[in-house]
Amino acid sequence: MIIPNGGGLQLPPFFELSAFQTIDSTNVEARRLAELGMAEGQVVWALKQESGVGRRGRQWSSPEGNLYCSILLRPDCDATQGAKLSFLIAVALHDAIAEFLPDGMKMALKWPNDILIEGRKTAGILLESKSNSHNKLDWLVVGTGINVANHPKVTEGLPAISLKEVGATVKLDALLKAYCLNLEKLYAHWKRDGFTPIRSLWLERATGIGSEVTVRLPKSSFHGIFKNLDESGALVLTMKDGSTKLVTAGEVFFSDTE
Ligand code: BTN
């Protein structure tokens, strides 16, 4: 069911908002708009999702009270470059949420794109894209879920937390607007100056730099010291023998921050 006129929420002209009471998944709707040829900047917002999707094919719990939205982008680049926009989105979300947090709350980004409060996951990002025959991105859909009023008590990954639990009073439309404003500003920055400044912004907000991490892959795991994020978006680890290892996939666990 559509909410007429986006419930009155005014976004900058770059964005075109479609708001729903209930939807299967905002990512599915944004992909549909992409395939219909809609311009970038489409925002699909739902108060509730019936089939919310997370990374690794996980389900994303989507009861009423949280923020679920997907934004259609059409960056002029290939899929490898486009995938790095997840760091930009993480910074945009981080700064939007930070506006509503009570003072003294510890907030951080965790590779590749989780948003943590007090070491627990408060928001997640799911990127989906399609490339054309010239290996250029045709579209990129950026789905974000923020635990505002609820969070799952049992998770397959990190423990979760909601903004309500940490005492933040947040209206969903105000949070969505703050996120969109940040995204538009950072996206313009990225178009102008590329990934390097976004990488710096992400690193300034990242958790665990200099500490030991465990990386879990489907069939193995290893430890190393988290040193950096490289220009490709890979996590740079220093291993026990002094060698450097680049991590491009896997689940990362920090022993002293989680
Ligand atoms: C993750 O697993 O961390 C990513 C979760 C992404 C969930 C959001 S909610 C809005 C959008 N619609 C979906 O079905 N998934 C994304």
# chains A, B, ... in the order shown; residues from 1 in each chain; ligands from 1
$ residues_around --residues "region 219-223 of chain A" --least-positions-apart "2" --cutoff "10 Å" --atoms "only C-alpha atoms" --output "list in words"
Glu212, Val213, Thr214, Val215, Arg216, Leu217, Ile225, Phe226, Leu237, Thr238, Met239, Lys240, Gly250, Glu251, Val252, Phe253 and Phe254 of chain A
$ write_last_selection --atoms "N, CA and C atoms" --output "PDB file, in the first residue's frame"
ATOM      1  N   GLU A 212      43.665  -6.819  16.949  1.00  0.00           N
ATOM      2  CA  GLU A 212      43.636  -8.130  16.295  1.00  0.00           C
ATOM      3  C   GLU A 212      42.227  -8.447  15.796  1.00  0.00           C
ATOM      4  N   VAL A 213      42.147  -8.977  14.600  1.00  0.00           N
ATOM      5  CA  VAL A 213      40.854  -9.410  14.069  1.00  0.00           C
ATOM      6  C   VAL A 213      40.945 -10.872  13.669  1.00  0.00           C
ATOM      7  N   THR A 214      39.796 -11.509  13.741  1.00  0.00           N
ATOM      8  CA  THR A 214      39.676 -12.858  13.203  1.00  0.00           C
ATOM      9  C   THR A 214      38.809 -12.767  11.955  1.00  0.00           C
ATOM     10  N   VAL A 215      39.279 -13.342  10.876  1.00  0.00           N
ATOM     11  CA  VAL A 215      38.494 -13.357   9.643  1.00  0.00           C
ATOM     12  C   VAL A 215      37.992 -14.772   9.429  1.00  0.00           C
ATOM     13  N   ARG A 216      36.678 -14.881   9.326  1.00  0.00           N
ATOM     14  CA  ARG A 216      36.088 -16.205   9.091  1.00  0.00           C
ATOM     15  C   ARG A 216      35.615 -16.328   7.666  1.00  0.00           C
ATOM     16  N   LEU A 217      36.162 -17.315   6.964  1.00  0.00           N
ATOM     17  CA  LEU A 217      35.726 -17.635   5.606  1.00  0.00           C
ATOM     18  C   LEU A 217      34.871 -18.890   5.703  1.00  0.00           C
ATOM     19  N   ILE A 225      46.451  -8.314  12.385  1.00  0.00           N
ATOM     20  CA  ILE A 225      46.213  -6.976  12.940  1.00  0.00           C
ATOM     21  C   ILE A 225      45.645  -6.091  11.828  1.00  0.00           C
ATOM     22  N   PHE A 226      44.525  -5.457  12.133  1.00  0.00           N
ATOM     23  CA  PHE A 226      43.865  -4.574  11.167  1.00  0.00           C
ATOM     24  C   PHE A 226      44.680  -3.286  11.045  1.00  0.00           C
ATOM     25  N   LEU A 237      45.640  -6.473   6.526  1.00  0.00           N
ATOM     26  CA  LEU A 237      46.045  -7.082   7.791  1.00  0.00           C
ATOM     27  C   LEU A 237      47.542  -7.332   7.810  1.00  0.00           C
ATOM     28  N   THR A 238      48.144  -7.151   8.985  1.00  0.00           N
ATOM     29  CA  THR A 238      49.516  -7.603   9.163  1.00  0.00           C
ATOM     30  C   THR A 238      49.458  -8.933   9.908  1.00  0.00           C
ATOM     31  N   MET A 239      50.109  -9.936   9.325  1.00  0.00           N
ATOM     32  CA  MET A 239      50.055 -11.282   9.893  1.00  0.00           C
ATOM     33  C   MET A 239      51.197 -11.478  10.894  1.00  0.00           C
ATOM     34  N   LYS A 240      51.118 -12.567  11.663  1.00  0.00           N
ATOM     35  CA  LYS A 240      52.106 -12.852  12.708  1.00  0.00           C
ATOM     36  C   LYS A 240      53.533 -12.864  12.171  1.00  0.00           C
ATOM     37  N   GLY A 250      34.597 -12.283   3.676  1.00  0.00           N
ATOM     38  CA  GLY A 250      34.638 -12.978   4.955  1.00  0.00           C
ATOM     39  C   GLY A 250      34.011 -12.157   6.051  1.00  0.00           C
ATOM     40  N   GLU A 251      33.775 -12.781   7.185  1.00  0.00           N
ATOM     41  CA  GLU A 251      33.224 -12.068   8.341  1.00  0.00           C
ATOM     42  C   GLU A 251      34.365 -11.752   9.289  1.00  0.00           C
ATOM     43  N   VAL A 252      34.354 -10.524   9.777  1.00  0.00           N
ATOM     44  CA  VAL A 252      35.470 -10.040  10.587  1.00  0.00           C
ATOM     45  C   VAL A 252      35.023  -9.850  12.034  1.00  0.00           C
ATOM     46  N   PHE A 253      35.810 -10.355  12.969  1.00  0.00           N
ATOM     47  CA  PHE A 253      35.489 -10.224  14.391  1.00  0.00           C
ATOM     48  C   PHE A 253      36.657  -9.569  15.101  1.00  0.00           C
ATOM     49  N   PHE A 254      36.356  -8.560  15.909  1.00  0.00           N
ATOM     50  CA  PHE A 254      37.409  -7.869  16.664  1.00  0.00           C
ATOM     51  C   PHE A 254      37.368  -8.368  18.098  1.00  0.00           C
TER      52      PHE A 254
END
$ select_by_dssp --residues "region 83-245 of chain A" --states "helix (DSSP H, G or I)" --output "PyMOL selection string"
chain A and resi 83+85-98+164-166+172-193+196-205
$ residues_near_ligand --ligand "ligand 1" --cutoff "8 Å" --atoms "only C-alpha atoms and all ligand atoms" --output "mmCIF file with all heavy atoms, in the first residue's frame"
data_model
loop_
_atom_site.group_PDB
_atom_site.id
_atom_site.type_symbol
_atom_site.label_atom_id
_atom_site.label_comp_id
_atom_site.auth_asym_id
_atom_site.auth_seq_id
_atom_site.Cartn_x
_atom_site.Cartn_y
_atom_site.Cartn_z
ATOM 1 N N ASP A 24 7.168 -6.076 0.084
ATOM 2 C CA ASP A 24 7.956 -7.304 0.280
ATOM 3 C C ASP A 24 9.382 -6.901 0.682
ATOM 4 O O ASP A 24 9.868 -7.227 1.757
ATOM 5 C CB ASP A 24 7.925 -8.219 -0.959
ATOM 6 C CG ASP A 24 8.156 -7.472 -2.273
ATOM 7 O OD1 ASP A 24 8.349 -6.232 -2.249
ATOM 8 O OD2 ASP A 24 8.166 -8.122 -3.331
ATOM 9 N N SER A 25 10.053 -6.162 -0.206
ATOM 10 C CA SER A 25 11.403 -5.672 0.090
ATOM 11 C C SER A 25 11.618 -4.388 -0.704
ATOM 12 O O SER A 25 11.326 -4.351 -1.916
ATOM 13 C CB SER A 25 12.432 -6.737 -0.325
ATOM 14 O OG SER A 25 13.663 -6.140 -0.620
ATOM 15 N N THR A 26 12.118 -3.364 -0.050
ATOM 16 C CA THR A 26 12.362 -2.097 -0.771
ATOM 17 C C THR A 26 13.415 -2.299 -1.856
ATOM 18 O O THR A 26 13.388 -1.621 -2.884
ATOM 19 C CB THR A 26 12.803 -0.977 0.199
ATOM 20 O OG1 THR A 26 13.964 -1.417 0.905
ATOM 21 C CG2 THR A 26 11.706 -0.609 1.175
ATOM 22 N N ASN A 27 14.346 -3.245 -1.644
ATOM 23 C CA ASN A 27 15.351 -3.497 -2.688
ATOM 24 C C ASN A 27 14.698 -4.053 -3.948
ATOM 25 O O ASN A 27 15.068 -3.697 -5.065
ATOM 26 C CB ASN A 27 16.420 -4.480 -2.186
ATOM 27 C CG ASN A 27 17.669 -3.773 -1.708
ATOM 28 O OD1 ASN A 27 17.565 -2.740 -1.062
ATOM 29 N ND2 ASN A 27 18.842 -4.313 -2.014
ATOM 30 N N VAL A 28 13.710 -4.938 -3.752
ATOM 31 C CA VAL A 28 13.022 -5.528 -4.909
ATOM 32 C C VAL A 28 12.312 -4.422 -5.693
ATOM 33 O O VAL A 28 12.389 -4.360 -6.918
ATOM 34 C CB VAL A 28 12.026 -6.622 -4.438
ATOM 35 C CG1 VAL A 28 11.139 -7.076 -5.581
ATOM 36 C CG2 VAL A 28 12.781 -7.797 -3.832
ATOM 37 N N TRP A 45 10.859 3.722 0.346
ATOM 38 C CA TRP A 45 10.825 3.679 1.814
ATOM 39 C C TRP A 45 9.598 2.878 2.240
ATOM 40 O O TRP A 45 8.513 3.099 1.688
ATOM 41 C CB TRP A 45 10.757 5.115 2.344
ATOM 42 C CG TRP A 45 10.524 5.254 3.818
ATOM 43 C CD1 TRP A 45 10.914 4.404 4.804
ATOM 44 C CD2 TRP A 45 9.834 6.341 4.470
ATOM 45 N NE1 TRP A 45 10.528 4.882 6.038
ATOM 46 C CE2 TRP A 45 9.868 6.082 5.864
ATOM 47 C CE3 TRP A 45 9.208 7.509 4.036
ATOM 48 C CZ2 TRP A 45 9.281 6.934 6.801
ATOM 49 C CZ3 TRP A 45 8.640 8.358 4.969
ATOM 50 C CH2 TRP A 45 8.687 8.068 6.340
ATOM 51 N N GLN A 49 8.579 -4.462 6.089
ATOM 52 C CA GLN A 49 8.869 -5.338 4.945
ATOM 53 C C GLN A 49 8.438 -6.764 5.292
ATOM 54 O O GLN A 49 8.648 -7.226 6.416
ATOM 55 C CB GLN A 49 10.354 -5.364 4.630
ATOM 56 C CG GLN A 49 10.950 -4.039 4.199
ATOM 57 C CD GLN A 49 12.395 -4.186 3.763
ATOM 58 O OE1 GLN A 49 12.744 -3.921 2.643
ATOM 59 N NE2 GLN A 49 13.246 -4.610 4.678
ATOM 60 N N SER A 51 9.439 -9.463 3.336
ATOM 61 C CA SER A 51 10.527 -10.376 2.970
ATOM 62 C C SER A 51 11.840 -9.608 2.895
ATOM 63 O O SER A 51 12.520 -9.623 1.862
ATOM 64 C CB SER A 51 10.255 -11.019 1.608
ATOM 65 O OG SER A 51 8.940 -11.465 1.502
ATOM 66 N N GLY A 52 12.188 -8.920 3.977
ATOM 67 C CA GLY A 52 13.430 -8.148 4.001
ATOM 68 C C GLY A 52 14.639 -9.069 3.836
ATOM 69 O O GLY A 52 14.705 -10.138 4.422
ATOM 70 N N VAL A 53 15.588 -8.614 3.018
ATOM 71 C CA VAL A 53 16.758 -9.437 2.703
ATOM 72 C C VAL A 53 18.022 -8.794 3.255
ATOM 73 O O VAL A 53 18.228 -7.584 3.115
ATOM 74 C CB VAL A 53 16.935 -9.552 1.165
ATOM 75 C CG1 VAL A 53 17.991 -10.589 0.831
ATOM 76 C CG2 VAL A 53 15.629 -9.890 0.495
ATOM 77 N N GLY A 54 18.875 -9.603 3.877
ATOM 78 C CA GLY A 54 20.166 -9.130 4.355
ATOM 79 C C GLY A 54 21.292 -9.684 3.495
ATOM 80 O O GLY A 54 21.044 -10.359 2.493
ATOM 81 N N ARG A 55 22.528 -9.387 3.871
ATOM 82 C CA ARG A 55 23.671 -9.938 3.150
ATOM 83 C C ARG A 55 23.749 -11.433 3.392
ATOM 84 O O ARG A 55 23.166 -11.942 4.339
ATOM 85 C CB ARG A 55 24.965 -9.267 3.619
ATOM 86 C CG ARG A 55 25.058 -7.815 3.196
ATOM 87 C CD ARG A 55 26.499 -7.324 3.138
ATOM 88 N NE ARG A 55 27.240 -7.611 4.338
ATOM 89 C CZ ARG A 55 27.378 -6.760 5.355
ATOM 90 N NH1 ARG A 55 26.801 -5.591 5.316
ATOM 91 N NH2 ARG A 55 28.089 -7.094 6.406
ATOM 92 N N ARG A 56 24.533 -12.114 2.573
ATOM 93 C CA ARG A 56 24.730 -13.568 2.666
ATOM 94 C C ARG A 56 23.409 -14.326 2.612
ATOM 95 O O ARG A 56 23.249 -15.356 3.279
ATOM 96 C CB ARG A 56 25.442 -13.949 3.964
ATOM 97 C CG ARG A 56 26.766 -13.292 4.108
ATOM 98 C CD ARG A 56 27.311 -13.425 5.507
ATOM 99 N NE ARG A 56 28.431 -12.526 5.639
ATOM 100 C CZ ARG A 56 29.646 -12.789 5.204
ATOM 101 N NH1 ARG A 56 29.902 -13.936 4.649
ATOM 102 N NH2 ARG A 56 30.601 -11.911 5.342
ATOM 103 N N ARG A 58 20.779 -13.797 4.072
ATOM 104 C CA ARG A 58 20.056 -13.862 5.339
ATOM 105 C C ARG A 58 18.759 -13.076 5.253
ATOM 106 O O ARG A 58 18.618 -12.171 4.442
ATOM 107 C CB ARG A 58 20.909 -13.284 6.465
ATOM 108 C CG ARG A 58 22.065 -14.187 6.830
ATOM 109 C CD ARG A 58 22.984 -13.519 7.827
ATOM 110 N NE ARG A 58 24.079 -14.415 8.194
ATOM 111 C CZ ARG A 58 25.234 -14.014 8.707
ATOM 112 N NH1 ARG A 58 25.461 -12.738 8.920
ATOM 113 N NH2 ARG A 58 26.160 -14.880 9.026
ATOM 114 N N GLN A 59 17.856 -13.399 6.149
ATOM 115 C CA GLN A 59 16.620 -12.648 6.233
ATOM 116 C C GLN A 59 16.899 -11.392 7.060
ATOM 117 O O GLN A 59 17.757 -11.426 7.951
ATOM 118 C CB GLN A 59 15.599 -13.572 6.918
ATOM 119 C CG GLN A 59 14.269 -12.982 7.135
ATOM 120 C CD GLN A 59 13.821 -13.146 8.576
ATOM 121 O OE1 GLN A 59 14.540 -13.686 9.421
ATOM 122 N NE2 GLN A 59 12.635 -12.656 8.857
ATOM 123 N N TRP A 60 16.226 -10.270 6.749
ATOM 124 C CA TRP A 60 16.386 -9.049 7.547
ATOM 125 C C TRP A 60 15.049 -8.784 8.243
ATOM 126 O O TRP A 60 14.055 -8.453 7.596
ATOM 127 C CB TRP A 60 16.774 -7.875 6.649
ATOM 128 C CG TRP A 60 17.067 -6.604 7.421
ATOM 129 C CD1 TRP A 60 16.216 -5.545 7.597
ATOM 130 C CD2 TRP A 60 18.276 -6.260 8.114
ATOM 131 N NE1 TRP A 60 16.828 -4.572 8.364
ATOM 132 C CE2 TRP A 60 18.096 -4.985 8.694
ATOM 133 C CE3 TRP A 60 19.498 -6.910 8.309
ATOM 134 C CZ2 TRP A 60 19.078 -4.345 9.447
ATOM 135 C CZ3 TRP A 60 20.481 -6.273 9.052
ATOM 136 C CH2 TRP A 60 20.269 -5.011 9.617
ATOM 137 N N SER A 62 12.024 -7.224 9.728
ATOM 138 C CA SER A 62 11.539 -5.905 9.301
ATOM 139 C C SER A 62 10.180 -5.525 9.880
ATOM 140 O O SER A 62 9.239 -5.197 9.143
ATOM 141 C CB SER A 62 11.468 -5.858 7.766
ATOM 142 O OG SER A 62 12.691 -6.209 7.175
ATOM 143 N N LEU A 67 13.688 1.718 10.113
ATOM 144 C CA LEU A 67 13.777 2.369 8.805
ATOM 145 C C LEU A 67 14.249 1.369 7.751
ATOM 146 O O LEU A 67 15.296 0.736 7.926
ATOM 147 C CB LEU A 67 14.764 3.545 8.875
ATOM 148 C CG LEU A 67 14.876 4.369 7.588
ATOM 149 C CD1 LEU A 67 13.579 5.114 7.297
ATOM 150 C CD2 LEU A 67 16.006 5.372 7.677
ATOM 151 N N TYR A 68 13.474 1.242 6.691
ATOM 152 C CA TYR A 68 13.844 0.367 5.573
ATOM 153 C C TYR A 68 13.781 1.208 4.311
ATOM 154 O O TYR A 68 12.714 1.737 3.980
ATOM 155 C CB TYR A 68 12.855 -0.802 5.444
ATOM 156 C CG TYR A 68 12.585 -1.476 6.774
ATOM 157 C CD1 TYR A 68 11.364 -1.309 7.420
ATOM 158 C CD2 TYR A 68 13.573 -2.241 7.386
ATOM 159 C CE1 TYR A 68 11.131 -1.900 8.652
ATOM 160 C CE2 TYR A 68 13.346 -2.834 8.623
ATOM 161 C CZ TYR A 68 12.120 -2.658 9.250
ATOM 162 O OH TYR A 68 11.901 -3.225 10.479
ATOM 163 N N CYS A 69 14.892 1.362 3.624
ATOM 164 C CA CYS A 69 14.838 2.138 2.384
ATOM 165 C C CYS A 69 15.881 1.641 1.397
ATOM 166 O O CYS A 69 16.886 1.030 1.784
ATOM 167 C CB CYS A 69 15.018 3.621 2.663
ATOM 168 S SG CYS A 69 16.678 4.080 3.074
ATOM 169 N N SER A 70 15.591 1.889 0.141
ATOM 170 C CA SER A 70 16.530 1.536 -0.933
ATOM 171 C C SER A 70 16.605 2.708 -1.892
ATOM 172 O O SER A 70 15.582 3.313 -2.214
ATOM 173 C CB SER A 70 16.057 0.289 -1.684
ATOM 174 O OG SER A 70 15.952 -0.792 -0.792
ATOM 175 N N ASN A 113 30.648 -3.082 5.920
ATOM 176 C CA ASN A 113 29.704 -1.962 6.008
ATOM 177 C C ASN A 113 28.617 -2.157 7.047
ATOM 178 O O ASN A 113 27.442 -2.007 6.747
ATOM 179 C CB ASN A 113 29.108 -1.617 4.632
ATOM 180 C CG ASN A 113 28.685 -2.839 3.858
ATOM 181 O OD1 ASN A 113 28.204 -3.794 4.461
ATOM 182 N ND2 ASN A 113 28.851 -2.834 2.571
ATOM 183 N N ASP A 114 29.032 -2.448 8.258
ATOM 184 C CA ASP A 114 28.082 -2.467 9.369
ATOM 185 C C ASP A 114 28.242 -1.194 10.183
ATOM 186 O O ASP A 114 29.342 -0.646 10.287
ATOM 187 C CB ASP A 114 28.342 -3.667 10.291
ATOM 188 C CG ASP A 114 27.956 -4.983 9.619
ATOM 189 O OD1 ASP A 114 26.954 -4.990 8.872
ATOM 190 O OD2 ASP A 114 28.664 -5.978 9.837
ATOM 191 N N ALA A 123 22.666 -0.997 12.084
ATOM 192 C CA ALA A 123 22.220 -0.802 10.702
ATOM 193 C C ALA A 123 23.038 -1.669 9.761
ATOM 194 O O ALA A 123 24.181 -2.012 10.062
ATOM 195 C CB ALA A 123 22.374 0.664 10.309
ATOM 196 N N GLY A 124 22.425 -2.039 8.657
ATOM 197 C CA GLY A 124 23.123 -2.850 7.657
ATOM 198 C C GLY A 124 22.857 -2.306 6.262
ATOM 199 O O GLY A 124 21.870 -1.598 6.029
ATOM 200 N N ILE A 125 23.738 -2.655 5.365
ATOM 201 C CA ILE A 125 23.678 -2.155 3.986
ATOM 202 C C ILE A 125 23.734 -3.338 3.023
ATOM 203 O O ILE A 125 24.572 -4.230 3.189
ATOM 204 C CB ILE A 125 24.884 -1.226 3.702
ATOM 205 C CG1 ILE A 125 24.874 -0.039 4.663
ATOM 206 C CG2 ILE A 125 24.909 -0.759 2.265
ATOM 207 C CD1 ILE A 125 26.170 0.766 4.659
ATOM 208 N N LEU A 126 22.857 -3.315 2.055
ATOM 209 C CA LEU A 126 22.868 -4.360 1.018
ATOM 210 C C LEU A 126 22.907 -3.697 -0.351
ATOM 211 O O LEU A 126 21.981 -2.986 -0.725
ATOM 212 C CB LEU A 126 21.598 -5.229 1.145
ATOM 213 C CG LEU A 126 21.413 -6.296 0.082
ATOM 214 C CD1 LEU A 126 22.476 -7.389 0.213
ATOM 215 C CD2 LEU A 126 20.024 -6.935 0.173
ATOM 216 N N VAL A 142 20.977 0.581 -3.376
ATOM 217 C CA VAL A 142 21.574 0.619 -2.049
ATOM 218 C C VAL A 142 20.469 0.460 -1.016
ATOM 219 O O VAL A 142 19.694 1.388 -0.785
ATOM 220 C CB VAL A 142 22.247 1.988 -1.832
ATOM 221 C CG1 VAL A 142 22.862 2.046 -0.458
ATOM 222 C CG2 VAL A 142 23.272 2.261 -2.893
ATOM 223 N N GLY A 143 20.380 -0.716 -0.430
ATOM 224 C CA GLY A 143 19.347 -0.958 0.583
ATOM 225 C C GLY A 143 19.930 -0.768 1.971
ATOM 226 O O GLY A 143 21.032 -1.238 2.257
ATOM 227 N N THR A 144 19.186 -0.049 2.810
ATOM 228 C CA THR A 144 19.675 0.137 4.182
ATOM 229 C C THR A 144 18.544 -0.117 5.168
ATOM 230 O O THR A 144 17.415 0.330 4.980
ATOM 231 C CB THR A 144 20.210 1.566 4.407
ATOM 232 O OG1 THR A 144 19.229 2.479 3.981
ATOM 233 C CG2 THR A 144 21.460 1.818 3.646
ATOM 234 N N GLY A 145 18.896 -0.824 6.209
ATOM 235 C CA GLY A 145 17.946 -1.067 7.290
ATOM 236 C C GLY A 145 18.551 -0.535 8.576
ATOM 237 O O GLY A 145 19.716 -0.818 8.881
ATOM 238 N N ILE A 146 17.791 0.285 9.303
ATOM 239 C CA ILE A 146 18.283 0.831 10.586
ATOM 240 C C ILE A 146 17.339 0.384 11.701
ATOM 241 O O ILE A 146 16.118 0.582 11.614
ATOM 242 C CB ILE A 146 18.343 2.372 10.569
ATOM 243 C CG1 ILE A 146 19.119 2.877 9.350
ATOM 244 C CG2 ILE A 146 18.981 2.883 11.855
ATOM 245 C CD1 ILE A 146 19.233 4.398 9.259
#
$ closest_residue --among "A:Ile3, A:Leu85, A:Leu109, A:Ala79" --to "Leu47 (chain A)" --atoms "only C-alpha atoms"
A:Ile3
$ closest_residue --among "A:Met105, A:Trp111, A:Ile209, A:Asp138" --to "Gly167 (chain A)" --atoms "only C-alpha atoms"
A:Met105
$ residues_around --residues "region 185-201 of chain A" --least-positions-apart "5" --cutoff "7 Å" --atoms "only C-alpha atoms" --output "PyMOL selection string"
chain A and resi 88+91+231
$ closest_residue --among "A:Asn5, A:Leu203, A:Ile71, A:Ile115" --to "Glu128 (chain A)" --atoms "only C-alpha atoms"
A:Ile71
$ closest_residue --among "A:Thr155, A:Gln21, A:Ser61, A:Ser86" --to "Leu140 (chain A)" --atoms "only C-alpha atoms"
A:Ser86
